>>> print(open('structure_21.csv').read())   # CSV, C-alpha atoms
chain,number,residue,atom,x,y,z
A,1,MET,CA,19.3,63.6,8.1
A,2,ARG,CA,18.2,63.7,11.7
A,3,ILE,CA,17.3,60.4,13.5
A,4,LYS,CA,16.0,59.8,17.0
A,5,ILE,CA,18.1,57.0,18.5
A,6,LYS,CA,16.9,54.8,21.4
A,7,PHE,CA,18.8,52.2,23.3
A,8,PHE,CA,17.4,49.7,25.7
A,9,SER,CA,18.6,47.3,28.4
A,10,THR,CA,22.3,46.3,28.2
A,11,LEU,CA,22.8,48.6,25.2
A,12,ARG,CA,21.5,51.6,27.1
A,13,GLU,CA,23.8,50.7,30.0
A,14,ALA,CA,26.8,50.3,27.7
A,15,VAL,CA,26.2,53.7,26.0
A,16,GLY,CA,25.0,55.5,29.1
A,17,MET,CA,22.1,57.1,27.3
A,18,ASN,CA,18.6,56.0,26.5
A,19,GLU,CA,17.6,58.5,23.8
A,20,PHE,CA,19.1,61.3,21.7
A,21,TYR,CA,19.0,62.9,18.3
A,22,PHE,CA,21.8,62.1,15.8
A,23,GLU,CA,22.8,63.7,12.6
A,24,THR,CA,23.8,61.0,10.1
A,25,VAL,CA,24.7,60.4,6.5
A,26,ALA,CA,23.8,56.7,6.8
A,27,LEU,CA,21.4,55.4,4.3
A,28,THR,CA,20.4,52.2,6.1
A,29,ALA,CA,19.8,51.1,9.7
A,30,GLY,CA,23.0,48.9,9.5
A,31,GLN,CA,25.1,51.9,8.4
A,32,LEU,CA,23.7,54.0,11.2
A,33,TRP,CA,24.7,51.2,13.7
A,34,GLN,CA,28.3,51.4,12.3
A,35,GLU,CA,28.4,55.2,12.8
A,36,LEU,CA,27.2,54.7,16.4
A,37,GLU,CA,29.8,52.0,16.9
A,38,ALA,CA,32.5,54.5,15.9
A,39,GLN,CA,31.0,56.9,18.5
A,40,PHE,CA,30.4,54.3,21.2
A,41,PRO,CA,33.0,51.5,20.8
A,42,LYS,CA,31.3,49.3,23.5
A,43,LEU,CA,28.5,48.7,21.1
A,44,THR,CA,30.7,46.4,19.0
A,45,LEU,CA,30.1,43.8,21.7
A,46,PHE,CA,26.5,43.7,20.7
A,47,THR,CA,26.7,43.7,16.9
A,48,ALA,CA,26.0,40.0,16.5
A,49,SER,CA,22.9,39.9,18.8
A,50,ARG,CA,21.2,43.3,18.6
A,51,ALA,CA,17.8,43.9,17.1
A,52,ILE,CA,16.7,47.0,15.2
A,53,ALA,CA,13.3,48.7,15.1
A,54,ILE,CA,12.3,51.7,13.1
A,55,ASN,CA,9.2,53.5,14.2
A,56,HIS,CA,8.2,50.6,16.5
A,57,GLU,CA,8.5,47.9,13.9
A,58,TYR,CA,11.3,45.3,13.6
A,59,VAL,CA,13.6,45.8,10.6
A,60,GLN,CA,16.6,44.2,9.0
A,61,ALA,CA,20.0,46.1,8.8
A,62,HIS,CA,19.4,46.9,5.1
A,63,GLN,CA,16.3,48.9,5.8
A,64,LYS,CA,16.5,52.4,4.5
A,65,LEU,CA,16.3,55.4,6.8
A,66,ARG,CA,14.1,58.5,6.4
A,67,ASP,CA,14.6,61.9,8.1
A,68,GLY,CA,12.8,61.9,11.4
A,69,ASP,CA,12.8,58.1,11.9
A,70,GLU,CA,12.9,56.7,15.5
A,71,VAL,CA,15.5,53.9,15.4
A,72,ALA,CA,15.8,51.6,18.4
A,73,PHE,CA,18.6,49.2,19.1
A,74,PHE,CA,18.3,46.5,21.8
A,75,PRO,CA,19.4,43.0,22.9
A,76,PRO,CA,17.3,39.9,22.7
A,77,VAL,CA,14.1,40.3,24.7
A,78,SER,CA,13.5,38.6,28.0
A,79,GLY,CA,10.0,39.6,29.1
A,80,GLY,CA,7.3,37.4,30.6
B,81,MET,CA,-8.7,43.3,23.2
B,82,PHE,CA,-7.2,44.8,26.4
B,83,VAL,CA,-3.4,45.5,26.4
B,84,LEU,CA,-1.7,47.2,29.3
B,85,ILE,CA,1.9,47.8,30.3
B,86,THR,CA,2.1,49.3,33.7
B,87,GLU,CA,4.2,50.0,36.7
B,88,HIS,CA,1.3,49.1,39.0
B,89,PRO,CA,0.5,45.6,40.3
B,90,ILE,CA,-1.5,43.4,37.8
B,91,SER,CA,-3.9,40.5,38.5
B,92,ILE,CA,-6.1,38.0,36.7
B,93,ASP,CA,-9.2,39.7,38.3
B,94,GLN,CA,-8.1,43.0,36.8
B,95,ALA,CA,-7.8,41.4,33.4
B,96,LEU,CA,-11.2,39.6,33.7
B,97,ASP,CA,-12.9,42.9,34.6
B,98,GLN,CA,-11.9,44.3,31.2
B,99,LEU,CA,-13.6,41.5,29.2
B,100,ASP,CA,-17.1,40.6,28.1
B,101,LEU,CA,-17.2,36.9,28.7
B,102,ARG,CA,-20.9,36.3,28.2
B,103,GLY,CA,-21.6,33.2,26.1
B,104,LEU,CA,-18.0,32.1,26.1
B,105,GLY,CA,-17.3,28.5,27.4
B,106,GLY,CA,-13.5,28.4,27.6
B,107,ILE,CA,-11.7,31.0,29.6
B,108,VAL,CA,-8.0,30.3,30.1
B,109,THR,CA,-5.9,32.5,32.4
B,110,PHE,CA,-2.1,32.6,32.8
B,111,SER,CA,0.1,34.5,35.2
B,112,GLY,CA,3.8,34.5,35.1
B,113,VAL,CA,5.4,35.1,38.5
B,114,PRO,CA,9.1,35.6,39.3
B,115,ARG,CA,10.7,32.7,41.1
B,116,PRO,CA,12.7,33.3,44.3
B,117,THR,CA,15.9,32.0,42.8
B,118,ASP,CA,17.8,32.4,39.5
B,119,ALA,CA,19.0,29.6,37.2
B,120,GLN,CA,22.0,29.1,39.5
B,121,GLY,CA,19.9,28.8,42.6
B,122,GLN,CA,20.9,32.2,44.0
B,123,GLU,CA,18.3,34.2,45.9
B,124,LEU,CA,16.7,37.1,44.2
B,125,THR,CA,15.5,40.3,45.9
B,126,HIS,CA,13.2,41.3,43.0
B,127,ILE,CA,13.2,41.7,39.2
B,128,ASP,CA,13.3,45.0,37.3
B,129,TYR,CA,11.5,45.0,34.0
B,130,GLU,CA,12.0,47.6,31.2
B,131,ALA,CA,9.9,48.0,28.1
B,132,TYR,CA,10.0,49.9,24.9
B,133,GLN,CA,6.4,50.7,25.6
B,134,PRO,CA,4.8,51.9,22.3
B,135,MET,CA,6.5,49.1,20.4
B,136,ALA,CA,5.7,46.5,23.0
B,137,GLU,CA,2.0,47.5,23.0
B,138,ASN,CA,2.1,47.5,19.2
B,139,TYR,CA,3.4,43.9,19.1
B,140,LEU,CA,1.1,42.7,21.9
B,141,ARG,CA,-1.8,43.9,19.7
B,142,LYS,CA,-0.4,42.2,16.6
B,143,LEU,CA,0.0,38.9,18.6
B,144,GLY,CA,-3.6,39.3,19.9
B,145,SER,CA,-4.9,39.8,16.3
B,146,GLU,CA,-3.0,36.7,15.2
B,147,ALA,CA,-4.5,34.7,18.1
B,148,LYS,CA,-8.0,35.9,17.1
B,149,THR,CA,-7.4,35.0,13.5
B,150,ASN,CA,-5.7,31.6,14.1
B,151,TRP,CA,-8.0,30.2,16.9
B,152,GLY,CA,-11.1,32.4,16.8
B,153,VAL,CA,-10.7,33.5,20.4
B,154,ARG,CA,-13.2,36.2,21.1
B,155,GLN,CA,-11.8,38.1,24.1
B,156,LEU,CA,-8.2,38.7,25.1
B,157,ALA,CA,-6.3,40.6,27.8
B,158,ILE,CA,-2.5,40.9,28.0
B,159,LEU,CA,-1.0,42.8,30.9
B,160,HIS,CA,2.7,43.2,31.6
B,161,ARG,CA,4.3,44.9,34.5
B,162,VAL,CA,7.4,47.1,34.3
B,163,GLY,CA,9.7,48.5,37.0
B,164,HIS,CA,10.3,46.8,40.3
B,165,VAL,CA,8.4,43.5,40.6
B,166,ALA,CA,8.6,41.6,43.8
B,167,ILE,CA,9.1,37.9,44.0
B,168,GLY,CA,5.7,36.2,43.9
B,169,GLU,CA,3.9,39.1,42.3
B,170,PRO,CA,2.7,38.5,38.7
B,171,SER,CA,4.9,40.1,36.0
B,172,VAL,CA,2.6,39.0,33.2
B,173,VAL,CA,-1.1,38.1,33.0
B,174,ILE,CA,-3.0,36.7,30.0
B,175,VAL,CA,-6.6,35.9,29.5
B,176,ALA,CA,-7.9,34.1,26.4
B,177,ALA,CA,-11.6,33.4,26.1
B,178,ALA,CA,-13.3,31.4,23.3
B,179,GLU,CA,-16.4,29.4,22.8
B,180,HIS,CA,-14.5,26.2,23.5
B,181,ARG,CA,-11.5,25.4,25.7
B,182,LYS,CA,-9.1,24.1,23.1
B,183,GLU,CA,-8.9,27.4,21.2
B,184,ALA,CA,-8.5,29.3,24.4
B,185,PHE,CA,-5.6,27.1,25.6
B,186,ARG,CA,-3.8,27.3,22.3
B,187,ALA,CA,-4.2,31.1,22.0
B,188,CYS,CA,-3.0,31.6,25.5
B,189,GLU,CA,0.1,29.4,25.0
B,190,TYR,CA,0.8,31.1,21.7
B,191,LEU,CA,0.6,34.5,23.3
B,192,ILE,CA,3.0,33.8,26.2
B,193,ASP,CA,5.5,32.0,23.9
B,194,LYS,CA,5.6,34.8,21.4
B,195,LEU,CA,5.6,37.5,24.0
B,196,LYS,CA,8.8,36.0,25.4
B,197,GLN,CA,10.3,35.8,21.9
B,198,ILE,CA,9.5,39.1,20.3
B,199,VAL,CA,7.9,41.7,22.5
B,200,PRO,CA,10.5,44.3,23.5
B,201,ILE,CA,10.6,43.9,27.3
B,202,TRP,CA,13.7,43.0,29.3
B,203,LYS,CA,14.2,41.8,32.8
B,204,LYS,CA,17.1,42.3,35.1
B,205,GLU,CA,17.3,39.8,38.0
B,206,ILE,CA,18.5,41.6,41.2
B,207,LEU,CA,20.5,39.3,43.5
B,208,GLN,CA,21.4,39.9,47.1
B,209,SER,CA,25.0,40.4,46.2
B,210,LYS,CA,25.1,41.4,42.5
B,211,THR,CA,23.0,42.0,39.4
B,212,ILE,CA,22.6,39.8,36.4
B,213,VAL,CA,20.9,40.7,33.2
B,214,VAL,CA,19.0,37.9,31.7
B,215,SER,CA,19.0,37.6,28.0
B,216,GLN,CA,16.6,35.6,25.9
B,217,LYS,CA,15.6,32.2,27.3
B,218,ALA,CA,14.6,29.3,25.1
>>> encode(input="structure_21.csv", output="structure tokens")
Amino acid sequence: MRIKIKFFSTLREAVGMNEFYFETVALTAGQLWQELEAQFPKLTLFTASRAIAINHEYVQAHQKLRDGDEVAFFPPVSGG
Amino acid sequence: MFVLITEHPISIDQALDQLDLRGLGGIVTFSGVPRPTDAQGQELTHIDYEAYQPMAENYLRKLGSEAKTNWGVRQLAILHRVGHVAIGEPSVVIVAAAEHRKEAFRACEYLIDKLKQIVPIWKKEILQSKTIVVSQKA
């Protein structure tokens, strides 16, 4: 399945990319993160603190993926 | 409800211009403005803000709907700046208008508190000598 990946803030800086498409066999957002960690080892630093959103909604790691989803990973927010 | 995430300067006047305040007795305005120093007292040159724009707008609207449901506020504006924000210029502006002041105050405080907790916007404080990324503050 093909997923649109987005990274923000410190995760974007660690990976060096803000957006790309990714072919995955992962069934859940958490499994997708593990695949991305294997590809970008620096992401391991963020595993405990990163948030996940699918199609602009916060989700937990066990959330199932669907083909064409936009999945974003990012650190704790700091707006305001 | 007026929600805006923009690279351009924002102001309370701009927010008020978007609202119909006729008949409303309590109009609370808030602006958040970058301070000239960081938590360690080091001088900043400016702050860079980054947003996941569609999700941030989505959550600002959700929060606005919650504020309307919880406190009956009638008119709301929430504006957040992204990109380069100079020290002393507003990075966030909120207007909450209700028939009475208590509801407007509570809604405004709720909105800025929740914005800082969940809305996907990040700041990077730019120092004279180096850069520090600020993660979530309590």
>>> atom_distance(input="structure_21.csv", atom1="CA of Phe40 in chain A", atom2="CA of Phe74 in chain A")
14.4 Å
>>> interface_residues(input="structure_21.csv", of="chain A", to="chain B", cutoff="12 Å", atoms="all atoms listed in the file", output="short mmCIF file (atom, residue, chain, number, x, y, z; two decimals) with C-alpha atoms, keeping the file's coordinate frame")
data_model
loop_
_atom_site.label_atom_id
_atom_site.label_comp_id
_atom_site.auth_asym_id
_atom_site.auth_seq_id
_atom_site.Cartn_x
_atom_site.Cartn_y
_atom_site.Cartn_z
CA LYS A 6 16.90 54.80 21.40
CA PHE A 7 18.80 52.20 23.30
CA PHE A 8 17.40 49.70 25.70
CA SER A 9 18.60 47.30 28.40
CA THR A 10 22.30 46.30 28.20
CA LEU A 11 22.80 48.60 25.20
CA ARG A 12 21.50 51.60 27.10
CA GLU A 13 23.80 50.70 30.00
CA ASN A 18 18.60 56.00 26.50
CA GLU A 19 17.60 58.50 23.80
CA SER A 49 22.90 39.90 18.80
CA ARG A 50 21.20 43.30 18.60
CA ALA A 51 17.80 43.90 17.10
CA ILE A 52 16.70 47.00 15.20
CA ALA A 53 13.30 48.70 15.10
CA ILE A 54 12.30 51.70 13.10
CA ASN A 55 9.20 53.50 14.20
CA HIS A 56 8.20 50.60 16.50
CA GLU A 57 8.50 47.90 13.90
CA TYR A 58 11.30 45.30 13.60
CA GLU A 70 12.90 56.70 15.50
CA VAL A 71 15.50 53.90 15.40
CA ALA A 72 15.80 51.60 18.40
CA PHE A 73 18.60 49.20 19.10
CA PHE A 74 18.30 46.50 21.80
CA PRO A 75 19.40 43.00 22.90
CA PRO A 76 17.30 39.90 22.70
CA VAL A 77 14.10 40.30 24.70
CA SER A 78 13.50 38.60 28.00
CA GLY A 79 10.00 39.60 29.10
CA GLY A 80 7.30 37.40 30.60
#
>>> atom_distance(input="structure_21.csv", atom1="CA of Cys188 in chain B", atom2="CA of His164 in chain B")
25.0 Å
>>> atom_distance(input="structure_21.csv", atom1="CA of Phe20 in chain A", atom2="CA of Arg2 in chain A")
10.3 Å
>>> residues_around(input="structure_21.csv", residues="Gly105 in chain B", least_positions_apart="4", cutoff="7 Å", atoms="only C-alpha atoms", output="PyMOL selection string")
chain B and resi 178-181
>>> write_last_selection(input="structure_21.csv", atoms="C-alpha atoms", output="PDB file, in the coordinates of the input")
ATOM      1  CA  ALA B 178     -13.300  31.400  23.300  1.00  0.00           C
ATOM      2  CA  GLU B 179     -16.400  29.400  22.800  1.00  0.00           C
ATOM      3  CA  HIS B 180     -14.500  26.200  23.500  1.00  0.00           C
ATOM      4  CA  ARG B 181     -11.500  25.400  25.700  1.00  0.00           C
TER       5      ARG B 181
END
>>> residues_around(input="structure_21.csv", residues="Gly30 in chain A", least_positions_apart="3", cutoff="10 Å", atoms="only C-alpha atoms", output="PDB file with C-alpha atoms, in the frame of the given file")
ATOM      1  CA  ALA A  26      23.800  56.700   6.800  1.00  0.00           C
ATOM      2  CA  LEU A  27      21.400  55.400   4.300  1.00  0.00           C
ATOM      3  CA  TRP A  33      24.700  51.200  13.700  1.00  0.00           C
ATOM      4  CA  GLN A  34      28.300  51.400  12.300  1.00  0.00           C
ATOM      5  CA  GLU A  35      28.400  55.200  12.800  1.00  0.00           C
ATOM      6  CA  LEU A  36      27.200  54.700  16.400  1.00  0.00           C
ATOM      7  CA  THR A  47      26.700  43.700  16.900  1.00  0.00           C
ATOM      8  CA  ILE A  52      16.700  47.000  15.200  1.00  0.00           C
ATOM      9  CA  VAL A  59      13.600  45.800  10.600  1.00  0.00           C
ATOM     10  CA  GLN A  60      16.600  44.200   9.000  1.00  0.00           C
ATOM     11  CA  ALA A  61      20.000  46.100   8.800  1.00  0.00           C
ATOM     12  CA  HIS A  62      19.400  46.900   5.100  1.00  0.00           C
ATOM     13  CA  GLN A  63      16.300  48.900   5.800  1.00  0.00           C
ATOM     14  CA  LYS A  64      16.500  52.400   4.500  1.00  0.00           C
ATOM     15  CA  LEU A  65      16.300  55.400   6.800  1.00  0.00           C
TER      16      LEU A  65
END
>>> residues_around(input="structure_21.csv", residues="Ala147 in chain B", least_positions_apart="5", cutoff="12 Å", atoms="all atoms listed in the file", output="list in words")
Met81, Leu140, Arg141, Lys142, Gly152, Val153, Arg154, Gln155, Leu156, Ala157, Ile158, Val175, Ala176, Ala177, Ala178, Glu183, Ala184, Phe185, Arg186, Ala187, Cys188, Glu189, Tyr190, Leu191, Ile192, Asp193 and Lys194 of chain B
>>> write_last_selection(input="structure_21.csv", atoms="C-alpha atoms", output="CSV table (one decimal), in the frame of the given file")
chain,number,residue,atom,x,y,z
B,81,MET,CA,-8.7,43.3,23.2
B,140,LEU,CA,1.1,42.7,21.9
B,141,ARG,CA,-1.8,43.9,19.7
B,142,LYS,CA,-0.4,42.2,16.6
B,152,GLY,CA,-11.1,32.4,16.8
B,153,VAL,CA,-10.7,33.5,20.4
B,154,ARG,CA,-13.2,36.2,21.1
B,155,GLN,CA,-11.8,38.1,24.1
B,156,LEU,CA,-8.2,38.7,25.1
B,157,ALA,CA,-6.3,40.6,27.8
B,158,ILE,CA,-2.5,40.9,28.0
B,175,VAL,CA,-6.6,35.9,29.5
B,176,ALA,CA,-7.9,34.1,26.4
B,177,ALA,CA,-11.6,33.4,26.1
B,178,ALA,CA,-13.3,31.4,23.3
B,183,GLU,CA,-8.9,27.4,21.2
B,184,ALA,CA,-8.5,29.3,24.4
B,185,PHE,CA,-5.6,27.1,25.6
B,186,ARG,CA,-3.8,27.3,22.3
B,187,ALA,CA,-4.2,31.1,22.0
B,188,CYS,CA,-3.0,31.6,25.5
B,189,GLU,CA,0.1,29.4,25.0
B,190,TYR,CA,0.8,31.1,21.7
B,191,LEU,CA,0.6,34.5,23.3
B,192,ILE,CA,3.0,33.8,26.2
B,193,ASP,CA,5.5,32.0,23.9
B,194,LYS,CA,5.6,34.8,21.4
>>> decode(input="structure_21.csv", residues="chain A", atoms="C-alpha atoms", output="mmCIF file, in the first residue's frame")
data_model
loop_
_atom_site.group_PDB
_atom_site.id
_atom_site.type_symbol
_atom_site.label_atom_id
_atom_site.label_comp_id
_atom_site.auth_asym_id
_atom_site.auth_seq_id
_atom_site.Cartn_x
_atom_site.Cartn_y
_atom_site.Cartn_z
ATOM 1 C CA MET A 1 0.000 0.000 0.000
ATOM 2 C CA ARG A 2 1.116 3.528 -0.765
ATOM 3 C CA ILE A 3 1.195 6.077 2.049
ATOM 4 C CA LYS A 4 2.013 9.778 1.997
ATOM 5 C CA ILE A 5 4.443 10.469 4.842
ATOM 6 C CA LYS A 6 4.942 13.883 6.410
ATOM 7 C CA PHE A 7 7.486 14.919 9.062
ATOM 8 C CA PHE A 8 7.514 18.176 10.973
ATOM 9 C CA SER A 9 9.904 20.195 13.136
ATOM 10 C CA THR A 10 12.739 18.190 14.698
ATOM 11 C CA LEU A 11 11.654 14.986 12.929
ATOM 12 C CA ARG A 12 11.801 16.730 9.564
ATOM 13 C CA GLU A 13 15.277 17.993 10.421
ATOM 14 C CA ALA A 14 16.430 14.528 11.535
ATOM 15 C CA VAL A 15 15.192 12.856 8.345
ATOM 16 C CA GLY A 16 16.030 15.708 5.983
ATOM 17 C CA MET A 17 12.687 15.439 4.176
ATOM 18 C CA ASN A 18 9.283 16.885 4.879
ATOM 19 C CA GLU A 19 7.119 14.773 2.584
ATOM 20 C CA PHE A 20 7.359 11.676 0.396
ATOM 21 C CA TYR A 21 5.413 8.625 -0.733
ATOM 22 C CA PHE A 22 6.267 5.270 0.815
ATOM 23 C CA GLU A 23 5.357 1.719 -0.169
ATOM 24 C CA THR A 24 4.683 -0.287 2.964
ATOM 25 C CA VAL A 25 3.422 -3.642 4.190
ATOM 26 C CA ALA A 26 2.643 -2.157 7.618
ATOM 27 C CA LEU A 27 -0.902 -2.660 8.860
ATOM 28 C CA THR A 28 -0.829 0.032 11.560
ATOM 29 C CA ALA A 29 0.660 3.482 12.093
ATOM 30 C CA GLY A 30 3.031 2.029 14.702
ATOM 31 C CA GLN A 31 4.309 -0.638 12.298
ATOM 32 C CA LEU A 32 4.820 2.060 9.680
ATOM 33 C CA TRP A 33 6.924 4.023 12.193
ATOM 34 C CA GLN A 34 9.069 0.917 12.760
ATOM 35 C CA GLU A 35 9.654 0.576 9.029
ATOM 36 C CA LEU A 36 10.619 4.243 8.847
ATOM 37 C CA GLU A 37 12.971 3.820 11.828
ATOM 38 C CA ALA A 38 14.761 1.077 9.930
ATOM 39 C CA GLN A 39 15.143 3.440 6.981
ATOM 40 C CA PHE A 40 16.047 6.524 9.073
ATOM 41 C CA PRO A 41 17.777 5.355 12.283
ATOM 42 C CA LYS A 42 17.789 8.880 13.759
ATOM 43 C CA LEU A 43 14.021 8.542 14.224
ATOM 44 C CA THR A 44 14.622 6.117 17.093
ATOM 45 C CA LEU A 45 15.448 9.146 19.272
ATOM 46 C CA PHE A 46 11.874 10.343 18.870
ATOM 47 C CA THR A 47 9.928 7.108 19.403
ATOM 48 C CA ALA A 48 8.911 7.915 22.986
ATOM 49 C CA SER A 49 7.660 11.431 22.280
ATOM 50 C CA ARG A 50 6.372 11.549 18.696
ATOM 51 C CA ALA A 51 2.727 12.069 17.849
ATOM 52 C CA ILE A 52 0.944 10.480 14.886
ATOM 53 C CA ALA A 53 -1.831 11.907 12.727
ATOM 54 C CA ILE A 54 -3.686 10.211 9.893
ATOM 55 C CA ASN A 55 -5.501 12.463 7.433
ATOM 56 C CA HIS A 56 -5.207 15.428 9.849
ATOM 57 C CA GLU A 57 -6.542 13.601 12.939
ATOM 58 C CA TYR A 58 -4.506 12.414 15.930
ATOM 59 C CA VAL A 59 -4.358 8.617 16.196
ATOM 60 C CA GLN A 60 -2.760 5.986 18.396
ATOM 61 C CA ALA A 61 -0.033 3.643 17.110
ATOM 62 C CA HIS A 62 -2.487 0.749 16.755
ATOM 63 C CA GLN A 63 -4.600 2.682 14.225
ATOM 64 C CA LYS A 64 -4.978 0.704 10.987
ATOM 65 C CA LEU A 65 -3.691 2.142 7.722
ATOM 66 C CA ARG A 66 -5.500 2.405 4.410
ATOM 67 C CA ASP A 67 -4.032 2.837 0.958
ATOM 68 C CA GLY A 68 -3.585 6.525 0.166
ATOM 69 C CA ASP A 69 -3.572 7.720 3.792
ATOM 70 C CA GLU A 70 -1.546 10.791 4.715
ATOM 71 C CA VAL A 71 0.405 9.915 7.857
ATOM 72 C CA ALA A 72 2.241 12.666 9.772
ATOM 73 C CA PHE A 73 4.790 12.232 12.539
ATOM 74 C CA PHE A 74 5.872 15.114 14.734
ATOM 75 C CA PRO A 75 7.278 16.084 18.142
ATOM 76 C CA PRO A 76 5.220 17.675 20.966
ATOM 77 C CA VAL A 77 3.678 20.912 19.729
ATOM 78 C CA SER A 78 4.942 24.327 20.861
ATOM 79 C CA GLY A 79 2.734 26.941 19.213
ATOM 80 C CA GLY A 80 1.230 30.034 20.781
#
